[in-house]
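Asks: Data: protein21.txt, compact mmCIF, C-alpha atoms.
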```txt
# COMPACT_ATOMS: atom_id res chain seq x y z
CA MET C 1 121.41 105.07 113.34
CA VAL C 2 119.36 107.00 110.80
CA LYS C 3 121.57 108.97 108.44
CA PHE C 4 120.62 112.44 107.34
CA ILE C 5 121.64 114.58 104.39
CA ASN C 6 120.57 118.15 103.72
CA SER C 7 121.21 120.79 101.12
CA ALA C 8 120.42 124.47 100.85
CA ARG C 9 121.33 127.44 98.72
CA ARG C 10 124.53 128.94 100.03
CA GLU C 11 122.90 132.28 100.89
CA THR C 12 120.26 130.58 103.08
CA PHE C 13 122.48 127.89 104.62
CA VAL C 14 122.11 127.44 108.38
CA TYR C 15 124.09 124.52 109.75
CA SER C 16 122.27 121.80 111.67
CA PRO C 17 125.03 119.70 113.23
CA PRO C 18 124.95 115.94 113.72
CA ASP C 19 123.55 114.47 116.93
CA ALA C 20 127.07 113.86 118.24
CA VAL C 21 127.49 117.64 118.74
CA PHE C 22 124.76 117.77 121.37
CA GLY C 23 126.32 117.02 124.72
CA ALA C 24 129.85 116.70 123.30
CA VAL C 25 132.57 118.10 125.52
CA ARG C 26 135.26 118.19 122.81
CA ILE C 27 134.67 118.79 119.11
CA LEU C 28 137.22 118.70 116.30
CA VAL C 29 136.58 120.61 113.07
CA ASN C 30 138.79 119.96 110.06
CA TRP C 31 138.80 122.76 107.48
CA THR C 32 140.90 124.08 104.63
CA GLU C 33 139.43 126.64 102.30
CA ASP C 34 135.91 128.08 102.44
CA ARG C 35 135.96 130.64 105.27
CA ASP C 36 132.27 131.58 105.03
CA LEU C 37 131.28 127.93 105.19
CA LEU C 38 133.48 127.40 108.24
CA ALA C 39 131.92 130.45 109.95
CA ALA C 40 128.42 129.05 109.36
CA VAL C 41 129.46 125.65 110.70
CA LEU C 42 130.97 127.16 113.85
CA ARG C 43 127.81 129.21 114.46
CA GLY C 44 125.68 126.08 114.09
CA VAL C 45 127.87 124.03 116.40
CA ARG C 46 127.91 126.80 118.99
CA ARG C 47 124.10 127.16 118.87
CA ALA C 48 123.72 123.42 119.44
CA ASN C 49 126.35 123.21 122.15
CA PRO C 50 127.28 126.53 123.80
CA HIS C 51 129.87 125.03 126.16
CA ALA C 52 131.86 122.57 124.05
CA ARG C 53 135.59 123.00 123.57
CA ILE C 54 136.12 123.27 119.82
CA VAL C 55 139.47 122.79 118.09
CA ILE C 56 139.66 123.79 114.44
CA VAL C 57 142.60 122.51 112.40
CA ALA C 58 143.24 125.72 110.47
CA GLU C 59 145.27 128.91 110.34
CA GLY C 60 144.24 132.57 110.15
CA ILE C 61 140.74 132.28 111.56
CA ASP C 62 141.18 134.00 114.92
CA ASP C 63 138.34 136.44 114.18
CA LEU C 64 135.89 133.49 113.94
CA LEU C 65 136.75 132.06 117.35
CA ASP C 66 135.03 132.53 120.68
CA ASP C 67 136.55 131.94 124.12
CA ASN C 68 136.10 128.18 123.99
CA MET C 69 137.46 127.68 120.47
CA ARG C 70 141.02 127.48 119.30
CA ALA C 71 142.76 127.10 115.98
CA ALA C 72 145.53 124.55 115.83
CA GLN C 73 148.17 123.74 113.27
CA LEU C 74 148.80 120.10 112.47
CA GLU C 75 152.41 120.37 113.60
CA ASP C 76 151.28 121.38 117.11
CA LEU C 77 148.97 118.41 117.69
CA MET C 78 149.81 115.09 119.29
CA MET C 79 149.67 112.34 116.70
CA ALA C 80 148.53 108.71 116.73
CA GLU C 81 148.55 105.79 114.34
CA TYR C 82 145.27 104.76 112.75
CA VAL C 83 145.09 101.43 110.96
CA SER C 84 142.77 101.01 107.99
CA ARG C 85 139.69 98.92 108.73
CA LEU C 86 139.98 97.59 105.20
CA ASN C 87 143.66 96.66 105.06
CA SER C 88 145.64 96.21 108.27
CA THR C 89 148.89 96.89 106.42
CA VAL C 90 147.79 100.48 105.74
CA MET C 91 148.29 102.96 108.53
CA VAL C 92 148.04 106.74 108.69
CA ILE C 93 149.35 109.17 111.29
CA ALA C 94 146.76 111.77 112.28
CA PRO C 95 145.94 113.87 115.36
CA VAL C 96 145.04 111.87 118.43
CA TYR C 97 141.93 114.10 118.67
CA VAL C 98 140.38 112.28 115.71
CA GLY C 99 140.01 109.15 117.81
CA GLU C 100 139.48 110.75 121.21
CA TYR C 101 137.11 113.66 120.67
CA ASP C 102 133.36 113.28 121.14
CA CYS C 103 132.58 114.67 117.70
CA CYS C 104 134.58 115.28 114.51
CA ILE C 105 133.28 117.35 111.59
CA ASN C 106 134.92 117.71 108.18
CA VAL C 107 134.29 120.98 106.32
CA GLY C 108 135.23 120.32 102.70
CA SER C 109 135.57 117.36 100.41
CA LEU C 110 136.83 113.95 101.46
CA ASP C 111 140.34 114.87 100.39
CA THR C 112 140.28 117.57 103.11
CA LEU C 113 140.96 114.69 105.51
CA CYS C 114 144.45 114.48 103.99
CA ASN C 115 145.25 117.78 105.72
CA LEU C 116 145.16 115.88 109.01
CA LEU C 117 147.82 113.39 107.97
CA ARG C 118 151.58 113.46 108.38
CA ASP C 119 152.08 111.28 105.32
CA VAL C 120 149.29 110.93 102.80
CA PRO C 121 148.66 107.45 101.40
CA GLU C 122 148.27 106.97 97.68
CA SER C 123 144.53 106.46 97.85
CA LEU C 124 141.59 108.34 99.38
CA VAL C 125 140.12 104.88 99.91
CA ASP C 126 142.89 104.19 102.44
CA VAL C 127 142.33 107.56 104.13
CA TYR C 128 138.60 106.93 104.40
CA PHE C 129 138.98 103.49 105.96
CA ALA C 130 141.67 104.69 108.37
CA ILE C 131 140.03 107.86 109.77
CA GLY C 132 136.93 108.75 107.71
CA HIS C 133 134.70 106.45 109.73
CA LEU C 134 135.60 108.44 112.88
CA PHE C 135 133.89 111.60 111.59
CA HIS C 136 130.34 112.35 112.71
CA GLY C 137 129.49 114.95 110.09
CA ALA C 138 130.55 116.68 106.92
CA VAL C 139 129.77 119.95 105.16
CA MET C 140 130.70 120.63 101.56
CA ALA C 141 130.04 123.22 98.89
CA GLY C 142 128.21 121.54 96.04
CA ALA C 143 127.35 122.40 92.46
CA GLY C 144 125.07 125.31 91.62
CA GLY C 145 125.82 127.37 94.71
CA ARG C 146 124.44 124.76 97.12
CA VAL C 147 125.80 123.54 100.43
CA VAL C 148 125.41 119.88 101.34
CA TRP C 149 125.76 118.56 104.89
CA GLY C 150 124.97 115.46 106.84
CA ASP C 151 126.21 112.86 109.28
CA ASP C 152 128.06 110.66 106.77
CA LEU C 153 131.14 111.86 104.88
CA LEU C 154 130.54 109.61 101.90
CA ASP C 155 126.86 110.50 101.53
CA VAL C 156 127.70 114.21 101.63
CA GLU C 157 130.48 113.78 99.08
CA GLU C 158 128.21 111.81 96.72
CA SER C 159 125.44 114.37 96.95
CA ALA C 160 127.75 117.35 96.51
CA CYS C 161 129.67 115.82 93.59
CA GLY C 162 126.67 114.54 91.66
CA GLU C 163 127.07 112.35 88.59
CA PRO C 164 129.41 111.07 87.43
CA LEU C 165 130.81 110.04 90.78
CA PRO C 166 134.56 110.30 91.30
CA PRO C 167 136.24 106.87 91.11
CA TYR C 168 137.26 106.89 94.79
CA ILE C 169 133.62 107.06 95.88
CA ARG C 170 132.73 104.03 93.79
CA GLN C 171 135.79 102.21 95.14
CA ILE C 172 134.86 102.95 98.77
CA ARG C 173 131.25 101.85 98.23
CA GLU C 174 132.41 98.62 96.59
CA LYS C 175 134.74 97.87 99.53
CA MET C 176 131.91 98.54 102.00
CA ALA C 177 129.58 96.06 100.28
```
As C-alpha cells, what does this structure read like?

Replies:
Amino acid sequence: MVKFINSARRETFVYSPPDAVFGAVRILVNWTEDRDLLAAVLRGVRRANPHARIVIVAEGIDDLLDDNMRAAQLEDLMMAEYVSRLNSTVMVIAPVYVGEYDCCINVGSLDTLCNLLRDVPESLVDVYFAIGHLFHGAVMAGAGGRVVWGDDLLDVEESACGEPLPPYIRQIREKMA
C-alpha cells in the first residue's frame, strides 16, 4: 500500500480521507479537542461516503452530527482486549469497534488514542503496538497553523511534530525496524 501524507494551512484545509473510507459501512472517529478540525474531518468523510454509519468517541458535538452519525462516550461502548504486536504480555482494553469497524480515524496526536482505553499503559509505544496499527488515518494540527493528515498515524505525528522528534516516535520506529 502506498502511504500518503498531506498538509495545508488551517484556513484552507479540506479533508481527503484514506481509501478505507470509500465503501466502508462503519467508521470510527476518535477525537478529543479541536472542534473545527473534527468538523472538517466529518465533512470530508461524509463527502467521500454519504451512507456510512459514523461513530465519534466524543461529547458535546451533537450540532456536528447528521442522521447517520452518533457521538458515543467510552463508558457506553463494548470493550475488547487488544494484545500488543510487540510484546504479548502487554494488553489494552479498548472499544470493540477499533477492531471491527471498516475504517478508524484518529483526530489529534498519538496520545489521543489513550482516550479509547480503560487503563492506559505506561508507554505510548505499547498503545501504538496494541491499537495504533488498526487505524487507517490520522489528522493533526501541526506547527505554524498547518494541518497534517494521512493514512499512517506515525507519519502524520512525525510530520506535525517536526524536529526534534518526541522520544516515543523514535522508540516506535526502532521497534518497527

Asks: Extract, using only C-alpha atoms, all DNA, RNA and protein residues at most 9 Å from range 124-128 of chain C, discarding same-chain residues fewer than 2 positions from it, and format them as a list in words.

Replies: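 Near neighbours after the sequence-gap exclusion: Ser84, Arg85, Leu86, Asn87, Val90, Met91, Val92, Leu110, Asp111, Leu113, Cys114, Leu117, Val120, Pro121, Glu122, Ala130, Ile131, Gly132, His133, Leu153, Leu154, Tyr168, Ile169, Gln171, Ile172 and Lys175 of chain C.
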
Asks: Between CA of Ala52 in chain C and CA of Phe4 in chain C, measure the distance and give it in Å to one decimal.

Replies: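 It comes out at 22.5 Å.
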
Asks: So what do you get for CA of Lys3 in chain C versus CA of Met79 in chain C, distance-wise?

Replies: 29.5 Å

Asks: Could you give me, as a ChimeraX atom specification, the residues within 9 Å of Ser7 in chain C, counting all atoms listed in the file and dropping anything in the same chain fewer than 3 positions from it?

Replies: /C:10,13,142,146-150,159-160

Asks: Could you write out that same residue set with C-alpha atoms as a PDB file, in the coordinates of the input?

Replies:
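Saved to result_30.pdb:
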```pdb
ATOM      1  CA  ARG C  10     124.530 128.940 100.030  1.00  0.00           C
ATOM      2  CA  PHE C  13     122.480 127.890 104.620  1.00  0.00           C
ATOM      3  CA  GLY C 142     128.210 121.540  96.040  1.00  0.00           C
ATOM      4  CA  ARG C 146     124.440 124.760  97.120  1.00  0.00           C
ATOM      5  CA  VAL C 147     125.800 123.540 100.430  1.00  0.00           C
ATOM      6  CA  VAL C 148     125.410 119.880 101.340  1.00  0.00           C
ATOM      7  CA  TRP C 149     125.760 118.560 104.890  1.00  0.00           C
ATOM      8  CA  GLY C 150     124.970 115.460 106.840  1.00  0.00           C
ATOM      9  CA  SER C 159     125.440 114.370  96.950  1.00  0.00           C
ATOM     10  CA  ALA C 160     127.750 117.350  96.510  1.00  0.00           C
TER      11      ALA C 160
END
```

Asks: From the list C:Val21, C:Asp151, C:Glu100, C:Ile105, which residue is nearest Ile56 in chain C when using only C-alpha atoms?

Replies: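 Closest to Ile56 in chain C of all the choices is C:Ile105.
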
Asks: Record the distance separating CA of Ile5 in chain C and CA of Glu33 in chain C, expressed in Å with one decimal.

Replies: 21.6 Å

Asks: Rank nothing, just name the residue among C:Ala24, C:Ala72, C:Val29, C:Leu64 nearest to Ala48 in chain C, using only C-alpha atoms.

Replies: C:Ala24

Asks: Would you mind telling me which residue in C:Gly44, C:Gly108, C:Gly99, C:Pro17 lies nearest to Gly137 in chain C when using all atoms listed in the file?

Replies: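 Of all the options, C:Pro17 lies closest to Gly137 in chain C.
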
Asks: Nearest to Pro18 in chain C among C:Met176, C:Val45, C:Ser88, C:Arg35, with distances taken over all atoms listed in the file: which residue is it?

Replies: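 Checking each of C:Met176, C:Val45, C:Ser88, C:Arg35 against Pro18 in chain C, counting all atoms listed in the file, the winner is C:Val45.
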
Asks: Which neighbours of Glu59 in chain C fall inside 12 Å, counting all atoms listed in the file, when residues of the same chain fewer than 2 positions from it are skipped, and could you give them as a PyMOL selection string?

Replies: chain C and resi 30-33+35+55-57+61-65+70-76

Asks: Tell me, as a compact mmCIF listing (two decimals) with C-alpha atoms, keeping the file's coordinate frame, which residues lie within 10 Å of Arg46 in chain C, counting all atoms listed in the file; anything in the same chain fewer than 6 positions away does not count.

Replies:
```txt
# COMPACT_ATOMS: atom_id res chain seq x y z
CA PRO C 17 125.03 119.70 113.23
CA VAL C 21 127.49 117.64 118.74
CA PHE C 22 124.76 117.77 121.37
CA ALA C 40 128.42 129.05 109.36
CA ALA C 52 131.86 122.57 124.05
CA ARG C 53 135.59 123.00 123.57
CA ILE C 54 136.12 123.27 119.82
CA ASP C 66 135.03 132.53 120.68
CA ASN C 68 136.10 128.18 123.99
CA MET C 69 137.46 127.68 120.47
```

Asks: Looking at all atoms listed in the file, which of C:Val156, C:Ala8, C:Cys161, C:Ala20 is the one that sits closest to Ala143 in chain C?

Replies: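 Between C:Val156, C:Ala8, C:Cys161, C:Ala20, the residue approaching Ala143 in chain C most closely is C:Cys161.
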